[in-house]
Amino acid sequence: MLGTESGSCRKVMQLNLRFISWIWHIRGSLPLAPEMSPDEAFERLDVLFQIPGTTYTREHEQLVFQKKNQPSQDKMSIFDSGILQIKDGNHGKRLYYNLVSKTLLLCFLAPALFFGFGKVFEFTKAHQATISLAAAKPAHLEGAAGTQKKDAVVPMNFIDKFLGVPEPDKKNDLENGDQEKIKKKLSPKAAYVFCGLFAFLYVIGRILEQFLIRRELSRVISLSAVFVFIIPRILTPF
Amino acid sequence: MDGIRVGNRVIGRQAPVTIGWENIPRVEGGPVKRAFFTYFQPTVLFALILFWYYAPNSIAKASTAIWISVIFKAFLLCLEWINPRYRSWQLTWKELVTDLFYVGMGYTLVRYINIYVGSDAVADYIQGYFHLGKLDWFMGLPLLVQAFLLSFIFDFGQYWMHRGMHNWYPLWLPHSVHHYVTQLNVNKGAVGNPLELFLIGLGMDGFFDFVPRAVLLAGAMTMAISIYQHINVRFNTPKWWRYLFNTVEHHSLHHSRDFEASRSNFSNTYIFIDRIFGTCVDGEAELLGMEGGRRMSVREQLTYPYLQGFKVVRKKLRKRFGTPVGQVRRQ
């Protein structure tokens, strides 16, 4: 009973994941030359899997691969695992691919992390403002000596004066108190900028990587096709 | 590999490196291209110094500095596409996203932690505890001297912290993650465990008072010199520049897979500090990283120092106090 329940639960999960798995999956298919056998196709694709950190198993018309700590210049470095299958369709054989990328998933989730940081900074900034307000009165009552010291304008060096450097702004100095500096550092702006940046990068990456992998797979198959089918025919025309 | 003798050391036994400026390739192409990649670095440095020296108070602000650094970085990323040092270092979408994650962490989490436990906060606490004022005798000096002193004091501290990281295992653990990078680009300086980014950001500057404009000038000088440390652009860097300042050539050697080469060029901005202390090696390397160029995932980079530290401590404890009972039972 328990087994059946967990099985159906898994099925529901799989069904639900199917609607969102496009976030970290890249799927697609490519037509194969009619005379190309699955063995030949996988032999040509083999070059993509002879990379350090890549392991794969091939059974009949299916190739399953895993990647760990893949090098940056691996043409499939963005993918961590995947399945490549060759199936017969209405218009001949096709190579179907279903590739999984943790980087795409993390990039999709990164905006949430930075949005969270932004909210924490907002909260801390508001909290800091309350503390500053509470501390402002005693500091004011302590006397003007400390404030006067801070307000004092530092004399400029004669070389800077001679060279025409603008004189320091007294008002600016007053504004740049320690509390002001902390408040500026706690500004959530940077966190929100990165939140937006990662959302933008996700959209770019999802489109770009889909295009690049399709181009790479077709390049590997077609290039081989040029060498295997066309060049021998040119060399031996009669 | 035989390696090359540099002083008392033999460099390049474990991985290929190029030693000596005469062996480093030059920029190829027409006269305009060669002139651009020869004079770009000094021109930007002097232009930024002039800008911050004379900028009106209304625009001489930290926010302007942030905008300049963002635009400058974006421009340098474009230069990496036009004239890359190595094709094998060329930026991919995955690398960009990973790097920007660390840049983002630096601008948010690390900055947040720094407010409360960073060197400035510690300096304020010490000065408050001992009723000491800030050392403000720098403020009467010419602006450029102040700016240089500010950046030099920071870099001098960073040199010793960095050297310490390569010589003391507890400090090496957080820093080791940064040495797993397998290629360099302008954002790679930010790649590392947040603990390391925090440690390397510690400085003595909090004890001193400087004119705000000198702080901005120092920031601009540091940026205009040290940004080239991790860049993937081939420059014909002038002789005087590479004698005084850290370059990508120096830093690529520091990131080399060769152990002995990685124990050189520790400064961030001023390579003459390395020259003074005998740790400078002039040269470059293409093959970077650790463990034969294994690329670390973000998750591993974030957890490695702690998990590895735990494993080492556990091993030491077991060695000292014997095998735990649980393990004997299993046997």
# chains A, B, ... in the order shown; residues from 1 in each chain; ligands from 1
call {"tool": "interface_residues", "arguments": {"of": "chain B", "to": "chain A", "cutoff": "9 Å", "atoms": "only C-alpha atoms", "output": "PyMOL selection string"}}
result
chain B and resi 53-58+88-95+97-98+100-101+104-105+107-109+111-112+115+139-144+182-183+211-213+293-297
call {"tool": "write_last_selection", "arguments": {"atoms": "C-alpha atoms", "output": "PDB file, in the first residue's frame"}}
result
ATOM      1  CA  TYR B  53      41.944  65.509  -8.871  1.00  0.00           C
ATOM      2  CA  TYR B  54      39.877  68.220 -10.543  1.00  0.00           C
ATOM      3  CA  ALA B  55      36.311  66.868 -10.430  1.00  0.00           C
ATOM      4  CA  PRO B  56      33.894  69.343  -8.800  1.00  0.00           C
ATOM      5  CA  ASN B  57      32.653  68.314  -5.352  1.00  0.00           C
ATOM      6  CA  SER B  58      29.183  67.691  -6.775  1.00  0.00           C
ATOM      7  CA  SER B  88      41.355  28.989 -23.731  1.00  0.00           C
ATOM      8  CA  TRP B  89      40.462  31.737 -21.258  1.00  0.00           C
ATOM      9  CA  GLN B  90      37.628  33.149 -23.372  1.00  0.00           C
ATOM     10  CA  LEU B  91      34.474  33.990 -21.463  1.00  0.00           C
ATOM     11  CA  THR B  92      31.431  31.742 -21.720  1.00  0.00           C
ATOM     12  CA  TRP B  93      27.925  32.393 -20.413  1.00  0.00           C
ATOM     13  CA  LYS B  94      28.498  29.932 -17.573  1.00  0.00           C
ATOM     14  CA  GLU B  95      31.765  31.605 -16.526  1.00  0.00           C
ATOM     15  CA  VAL B  97      27.215  33.960 -14.491  1.00  0.00           C
ATOM     16  CA  THR B  98      29.490  32.210 -11.988  1.00  0.00           C
ATOM     17  CA  LEU B 100      28.984  37.692 -11.403  1.00  0.00           C
ATOM     18  CA  PHE B 101      27.569  35.608  -8.562  1.00  0.00           C
ATOM     19  CA  GLY B 104      27.275  40.170  -6.340  1.00  0.00           C
ATOM     20  CA  MET B 105      28.249  38.487  -3.083  1.00  0.00           C
ATOM     21  CA  TYR B 107      28.736  43.961  -3.240  1.00  0.00           C
ATOM     22  CA  THR B 108      26.112  42.607  -0.833  1.00  0.00           C
ATOM     23  CA  LEU B 109      26.904  39.920   1.749  1.00  0.00           C
ATOM     24  CA  ARG B 111      30.028  44.353   2.358  1.00  0.00           C
ATOM     25  CA  TYR B 112      27.268  43.770   4.922  1.00  0.00           C
ATOM     26  CA  ILE B 115      30.167  46.951   8.282  1.00  0.00           C
ATOM     27  CA  MET B 139      45.449  65.103   5.886  1.00  0.00           C
ATOM     28  CA  GLY B 140      47.872  67.993   5.456  1.00  0.00           C
ATOM     29  CA  LEU B 141      49.866  66.171   2.783  1.00  0.00           C
ATOM     30  CA  PRO B 142      49.319  66.767  -0.960  1.00  0.00           C
ATOM     31  CA  LEU B 143      46.321  64.816  -2.265  1.00  0.00           C
ATOM     32  CA  LEU B 144      48.340  62.524  -4.531  1.00  0.00           C
ATOM     33  CA  THR B 182      41.164  27.768 -14.624  1.00  0.00           C
ATOM     34  CA  GLN B 183      41.008  30.980 -16.631  1.00  0.00           C
ATOM     35  CA  VAL B 211      40.585  63.675   2.847  1.00  0.00           C
ATOM     36  CA  PRO B 212      37.525  62.137   1.030  1.00  0.00           C
ATOM     37  CA  ARG B 213      38.940  63.150  -2.355  1.00  0.00           C
ATOM     38  CA  GLY B 293      42.913  22.158 -13.713  1.00  0.00           C
ATOM     39  CA  ARG B 294      39.843  20.734 -11.973  1.00  0.00           C
ATOM     40  CA  ARG B 295      37.073  23.338 -12.073  1.00  0.00           C
ATOM     41  CA  MET B 296      35.314  23.739  -8.726  1.00  0.00           C
ATOM     42  CA  SER B 297      31.557  24.155  -8.628  1.00  0.00           C
TER      43      SER B 297
END
call {"tool": "closest_residue", "arguments": {"among": "B:Phe72, B:Gly278, B:Gly20, B:Val248", "to": "Leu45 of chain B", "atoms": "only C-alpha atoms"}}
result
B:Phe72
call {"tool": "residues_around", "arguments": {"residues": "Ile49 of chain B", "least_positions_apart": "3", "cutoff": "8 Å", "atoms": "only C-alpha atoms", "output": "JSON, numbers by chain"}}
result
{"B": [45, 46, 52, 53, 217, 220, 221]}
call {"tool": "write_last_selection", "arguments": {"atoms": "N, CA and C atoms", "output": "mmCIF file, in the first residue's frame"}}
result
data_model
loop_
_atom_site.group_PDB
_atom_site.id
_atom_site.type_symbol
_atom_site.label_atom_id
_atom_site.label_comp_id
_atom_site.auth_asym_id
_atom_site.auth_seq_id
_atom_site.Cartn_x
_atom_site.Cartn_y
_atom_site.Cartn_z
ATOM 1 N N LEU B 45 45.064 55.332 -16.493
ATOM 2 C CA LEU B 45 45.493 55.672 -15.122
ATOM 3 C C LEU B 45 45.612 57.184 -14.957
ATOM 4 N N PHE B 46 46.326 57.844 -15.888
ATOM 5 C CA PHE B 46 46.525 59.289 -15.746
ATOM 6 C C PHE B 46 45.217 60.054 -15.956
ATOM 7 N N TRP B 52 39.731 62.677 -10.974
ATOM 8 C CA TRP B 52 39.414 62.755 -9.540
ATOM 9 C C TRP B 52 40.123 63.915 -8.856
ATOM 10 N N TYR B 53 41.208 64.381 -9.446
ATOM 11 C CA TYR B 53 41.944 65.509 -8.871
ATOM 12 C C TYR B 53 41.150 66.800 -9.050
ATOM 13 N N LEU B 217 40.624 59.113 -4.999
ATOM 14 C CA LEU B 217 41.812 59.020 -5.861
ATOM 15 C C LEU B 217 42.515 57.678 -5.670
ATOM 16 N N ALA B 220 40.577 54.969 -7.321
ATOM 17 C CA ALA B 220 40.741 55.007 -8.783
ATOM 18 C C ALA B 220 42.099 54.469 -9.196
ATOM 19 N N MET B 221 43.133 54.833 -8.439
ATOM 20 C CA MET B 221 44.489 54.354 -8.754
ATOM 21 C C MET B 221 44.554 52.834 -8.609
#
call {"tool": "atom_distance", "arguments": {"atom1": "atom CA of Ile86 of chain A", "atom2": "atom CA of Leu17 of chain A"}}
result
24.3 Å
call {"tool": "residues_around", "arguments": {"residues": "Glu22 of chain B", "least_positions_apart": "6", "cutoff": "12 Å", "atoms": "only C-alpha atoms", "output": "JSON, numbers by chain"}}
result
{"B": [236, 239, 282, 283, 284]}
call {"tool": "atom_distance", "arguments": {"atom1": "atom CA of Asn265 of chain B", "atom2": "atom CA of Cys280 of chain B"}}
result
4.9 Å
call {"tool": "atom_distance", "arguments": {"atom1": "atom CA of Thr222 of chain B", "atom2": "atom CA of Trp137 of chain B"}}
result
22.1 Å
call {"tool": "closest_residue", "arguments": {"among": "B:Val117, B:Ala123, B:Leu184, B:Val6", "to": "Glu80 of chain B", "atoms": "only C-alpha atoms"}}
result
B:Leu184
call {"tool": "residues_around", "arguments": {"residues": "Ile225 of chain B", "least_positions_apart": "6", "cutoff": "8 Å", "atoms": "only C-alpha atoms", "output": "list in words"}}
result
Gln41, Leu45, Phe245, Asn246, Thr247 and Thr269 of chain B
call {"tool": "write_last_selection", "arguments": {"atoms": "N, CA and C atoms", "output": "short mmCIF file (atom, residue, chain, number, x, y, z; two decimals), in the first residue's frame"}}
result
data_model
loop_
_atom_site.label_atom_id
_atom_site.label_comp_id
_atom_site.auth_asym_id
_atom_site.auth_seq_id
_atom_site.Cartn_x
_atom_site.Cartn_y
_atom_site.Cartn_z
N GLN B 41 46.78 51.34 -20.92
CA GLN B 41 46.84 51.27 -19.45
C GLN B 41 47.32 52.58 -18.81
N LEU B 45 45.06 55.33 -16.49
CA LEU B 45 45.49 55.67 -15.12
C LEU B 45 45.61 57.18 -14.96
N PHE B 245 54.08 47.91 -11.20
CA PHE B 245 52.71 47.45 -10.93
C PHE B 245 52.51 45.99 -11.28
N ASN B 246 51.53 45.40 -10.58
CA ASN B 246 51.17 44.01 -10.87
C ASN B 246 50.46 43.93 -12.22
N THR B 247 50.75 42.91 -12.99
CA THR B 247 50.13 42.74 -14.30
C THR B 247 49.51 41.34 -14.38
N THR B 269 48.48 45.32 -6.04
CA THR B 269 48.63 46.48 -6.92
C THR B 269 50.10 46.75 -7.25
#
